[in-house]
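Here is the structure we will look at.
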Amino acid sequence: MDKYDYLIVGSGLFGAIFAYEANKKGKKCLVIDKRSHIGGNIYTENIEGINVHKYGAHIFHTNNKKVWEYINQFAEFNRYTNSPIAKYKDEIYNLPFNMNTFNKLWNISTPQEAKNIIEKEKQEAKYLKPKNLEEQAISLVGKTIYEKLVKGYTEKQWGRKATELPSFIIKRLPVRFTYDNNYFNDMYQGIPIGGYTRNN
Ligand SMILES: Cc1cc2nc3c(=O)[nH]c(=O)nc-3n(C[C@H](O)[C@H](O)[C@H](O)COP(=O)(O)OP(=O)(O)OC[C@H]3O[C@@H](n4cnc5c(N)ncnc54)[C@H](O)[C@@H]3O)c2cc1C
């Protein structure tokens, strides 16, 4: 082992950056990984011209200008803005819940109208001590948002009924009273053109 200064287990973002910086300082690193590729969770594979994010979509986002400038030395990033949508039956809604979502749900246009409806639904439910995730979610955002945008997603993710899940799983559900569909609050975001693990 004296051939190397560092043995780095894992070639994800952390391991790769550590090795890169240590190497710049003259240290010799051995990076190993149990997966057959580098990159860890951000690994992308080009399949028929599409950069497939093998472990789920990864958007690089940060509020720190130094971090953004640092990462841009390795790749050119596109201008991708994460603005997810949810499909409930045949209806499409913006996430996280914002004024575009509320406009579609209730045909209202002002934050005050949306607040009034959510507050009314919360009051109607009156769960003072929520016993499970369903009661907790309804007491945070009301019945309509829960039924259309929380229930199905949560039950699929956990593989259990929301009434069988503990309430502490959901501490808060972000609700925005603006017409901004941007998922992240960070100043900088994007995906490297060519993927995270370009092969050339
Ligand atoms: C579905 C999903 C979506 C995500 N989306 C985003 C996003 O959009 N934006 C964002 O900023 N973050 C996102 N994240 C988080 C992001 O993936 C991680 O923060 C980031 O990948 C962490 O990098 P890492 O190097 O610490 O770990 P990892 O990327 O997990 O890399 C660790 C590596 O170590 C290897 N390893 C572990 N143990 C051993 C061992 N004993 N022997 C050998 N090798 C080992 C693993 O195989 C892996 O390759 C997402 C995560 C998931 C799961």
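Chains: A, B, ... in order of the structure tokens. Residues: from 1 per chain. Ligands: from 1, in order shown.
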
All helix (DSSP H, G or I) residues (DSSP, backbone) inside range 9-186 of chain A, as an MDAnalysis selection string: chainID A and resid 13:24 40:42 65:71 99:106 111:125 133:141 143:158 162:164 167:169

Selection near Lys104 in chain A, 12 Å with only C-alpha atoms, sequence-local residues under 3 positions removed, as a ChimeraX atom specification: /A:91-94,97-101,107-109,114,144-145,148,179

Can those selected residues be exported to a file as an mmCIF file, in the first residue's frame so that it contains C-alpha atoms?
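The file below, out06.cif, is the result:
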data_model
loop_
_atom_site.group_PDB
_atom_site.id
_atom_site.type_symbol
_atom_site.label_atom_id
_atom_site.label_comp_id
_atom_site.auth_asym_id
_atom_site.auth_seq_id
_atom_site.Cartn_x
_atom_site.Cartn_y
_atom_site.Cartn_z
ATOM 1 C CA GLU A 91 -54.817 15.999 -14.926
ATOM 2 C CA ILE A 92 -51.345 17.575 -14.960
ATOM 3 C CA TYR A 93 -50.135 19.657 -11.998
ATOM 4 C CA ASN A 94 -46.965 21.609 -11.219
ATOM 5 C CA PHE A 97 -47.391 23.011 -5.084
ATOM 6 C CA ASN A 98 -47.557 26.634 -6.183
ATOM 7 C CA MET A 99 -50.006 29.149 -7.627
ATOM 8 C CA ASN A 100 -50.022 27.332 -10.996
ATOM 9 C CA THR A 101 -51.105 24.172 -9.129
ATOM 10 C CA ASN A 107 -59.624 27.997 -10.752
ATOM 11 C CA ILE A 108 -58.431 30.788 -8.465
ATOM 12 C CA SER A 109 -55.687 33.308 -9.190
ATOM 13 C CA ALA A 114 -55.462 29.749 -2.263
ATOM 14 C CA THR A 144 -57.627 18.212 -2.008
ATOM 15 C CA ILE A 145 -53.848 18.546 -2.313
ATOM 16 C CA LYS A 148 -54.499 14.446 -5.690
ATOM 17 C CA TYR A 179 -46.203 31.408 -9.963
#

Against ligand 1, which residues of chain A fall within 8 Å? For each one I want the closest pair of atoms and the distance in Å (one decimal), counting only C-alpha atoms and all ligand atoms, rows by chain and increasing residue number, as JSON lines.
{"residue": "A:Val9", "atom": "CA", "partner": "ligand 1", "partner_atom_place_in_ligand_line": "44 (N)", "distance": 5.2}
{"residue": "A:Gly10", "atom": "CA", "partner": "ligand 1", "partner_atom_place_in_ligand_line": "34 (O)", "distance": 3.1}
{"residue": "A:Ser11", "atom": "CA", "partner": "ligand 1", "partner_atom_place_in_ligand_line": "33 (C)", "distance": 5.2}
{"residue": "A:Gly12", "atom": "CA", "partner": "ligand 1", "partner_atom_place_in_ligand_line": "25 (O)", "distance": 3.3}
{"residue": "A:Leu13", "atom": "CA", "partner": "ligand 1", "partner_atom_place_in_ligand_line": "25 (O)", "distance": 3.8}
{"residue": "A:Phe14", "atom": "CA", "partner": "ligand 1", "partner_atom_place_in_ligand_line": "25 (O)", "distance": 3.8}
{"residue": "A:Gly15", "atom": "CA", "partner": "ligand 1", "partner_atom_place_in_ligand_line": "25 (O)", "distance": 5.5}
{"residue": "A:Ala16", "atom": "CA", "partner": "ligand 1", "partner_atom_place_in_ligand_line": "25 (O)", "distance": 7.3}
{"residue": "A:Ile32", "atom": "CA", "partner": "ligand 1", "partner_atom_place_in_ligand_line": "43 (C)", "distance": 6.0}
{"residue": "A:Asp33", "atom": "CA", "partner": "ligand 1", "partner_atom_place_in_ligand_line": "44 (N)", "distance": 3.6}
{"residue": "A:Lys34", "atom": "CA", "partner": "ligand 1", "partner_atom_place_in_ligand_line": "43 (C)", "distance": 4.0}
{"residue": "A:Arg35", "atom": "CA", "partner": "ligand 1", "partner_atom_place_in_ligand_line": "47 (O)", "distance": 4.8}
{"residue": "A:His37", "atom": "CA", "partner": "ligand 1", "partner_atom_place_in_ligand_line": "49 (O)", "distance": 7.5}
{"residue": "A:Ile38", "atom": "CA", "partner": "ligand 1", "partner_atom_place_in_ligand_line": "49 (O)", "distance": 6.5}
{"residue": "A:Gly39", "atom": "CA", "partner": "ligand 1", "partner_atom_place_in_ligand_line": "49 (O)", "distance": 6.1}
{"residue": "A:Gly40", "atom": "CA", "partner": "ligand 1", "partner_atom_place_in_ligand_line": "49 (O)", "distance": 3.2}
{"residue": "A:Asn41", "atom": "CA", "partner": "ligand 1", "partner_atom_place_in_ligand_line": "29 (O)", "distance": 3.8}
{"residue": "A:Ile42", "atom": "CA", "partner": "ligand 1", "partner_atom_place_in_ligand_line": "21 (O)", "distance": 5.4}
{"residue": "A:Tyr55", "atom": "CA", "partner": "ligand 1", "partner_atom_place_in_ligand_line": "1 (C)", "distance": 5.7}
{"residue": "A:Gly56", "atom": "CA", "partner": "ligand 1", "partner_atom_place_in_ligand_line": "1 (C)", "distance": 4.1}
{"residue": "A:Ala57", "atom": "CA", "partner": "ligand 1", "partner_atom_place_in_ligand_line": "3 (C)", "distance": 5.5}
{"residue": "A:His58", "atom": "CA", "partner": "ligand 1", "partner_atom_place_in_ligand_line": "8 (O)", "distance": 3.5}
{"residue": "A:Ile59", "atom": "CA", "partner": "ligand 1", "partner_atom_place_in_ligand_line": "8 (O)", "distance": 3.8}
{"residue": "A:Phe60", "atom": "CA", "partner": "ligand 1", "partner_atom_place_in_ligand_line": "11 (O)", "distance": 5.0}
{"residue": "A:His61", "atom": "CA", "partner": "ligand 1", "partner_atom_place_in_ligand_line": "11 (O)", "distance": 5.8}
{"residue": "A:Thr62", "atom": "CA", "partner": "ligand 1", "partner_atom_place_in_ligand_line": "11 (O)", "distance": 7.9}

Those of range 49-170 of chain A in DSSP strand (DSSP E or B), formatted as a count of residues only: 16

Test item: residues at most 12 Å from Phe18 in chain A, only C-alpha atoms, excluding those fewer than 6 positions along its chain, as a list in words: Tyr6, Leu7, Ile8, Val9, Gly10, Ser11, Gly12, Lys24, Lys25, Lys27, Lys28, Cys29, Leu30 and Val31 of chain A

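With CA of Lys126 in chain A on one side and CA of Lys171 in chain A on the other, the separation reads 17.0 Å.
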
Atomic distance CA of Pro130 in chain A - CA of Tyr146 in chain A, expressed in Å with one decimal: 14.0 Å

Separation of CA of Leu133 in chain A from CA of Arg172 in chain A, in Å and rounded to one decimal: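 According to the coordinates, CA of Leu133 in chain A and CA of Arg172 in chain A are separated by 11.2 Å.
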
Which of A:Asp5, A:Glu48, A:Glu134, A:Asp90 sits closest to Gly26 in chain A [using only C-alpha atoms]: A:Asp5

Distance criterion (only C-alpha atoms): nearest to Gly142 in chain A out of A:Ile47, A:Leu173, A:Ile71, A:Ile191: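 Counting only C-alpha atoms, the residue closest to Gly142 in chain A is A:Leu173.
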
Residue among A:Lys3, A:Lys151, A:Lys65, A:Arg160 lying closest to Glu135 in chain A, counting only C-alpha atoms: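 Of the candidates, the smallest distance to Glu135 in chain A is held by A:Lys151.
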
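Remark: for Pro96 in chain A, the closest of the candidate residues A:Trp158, A:Phe184, A:Tyr70, A:Phe168 is A:Phe184 (distances computed over only C-alpha atoms).
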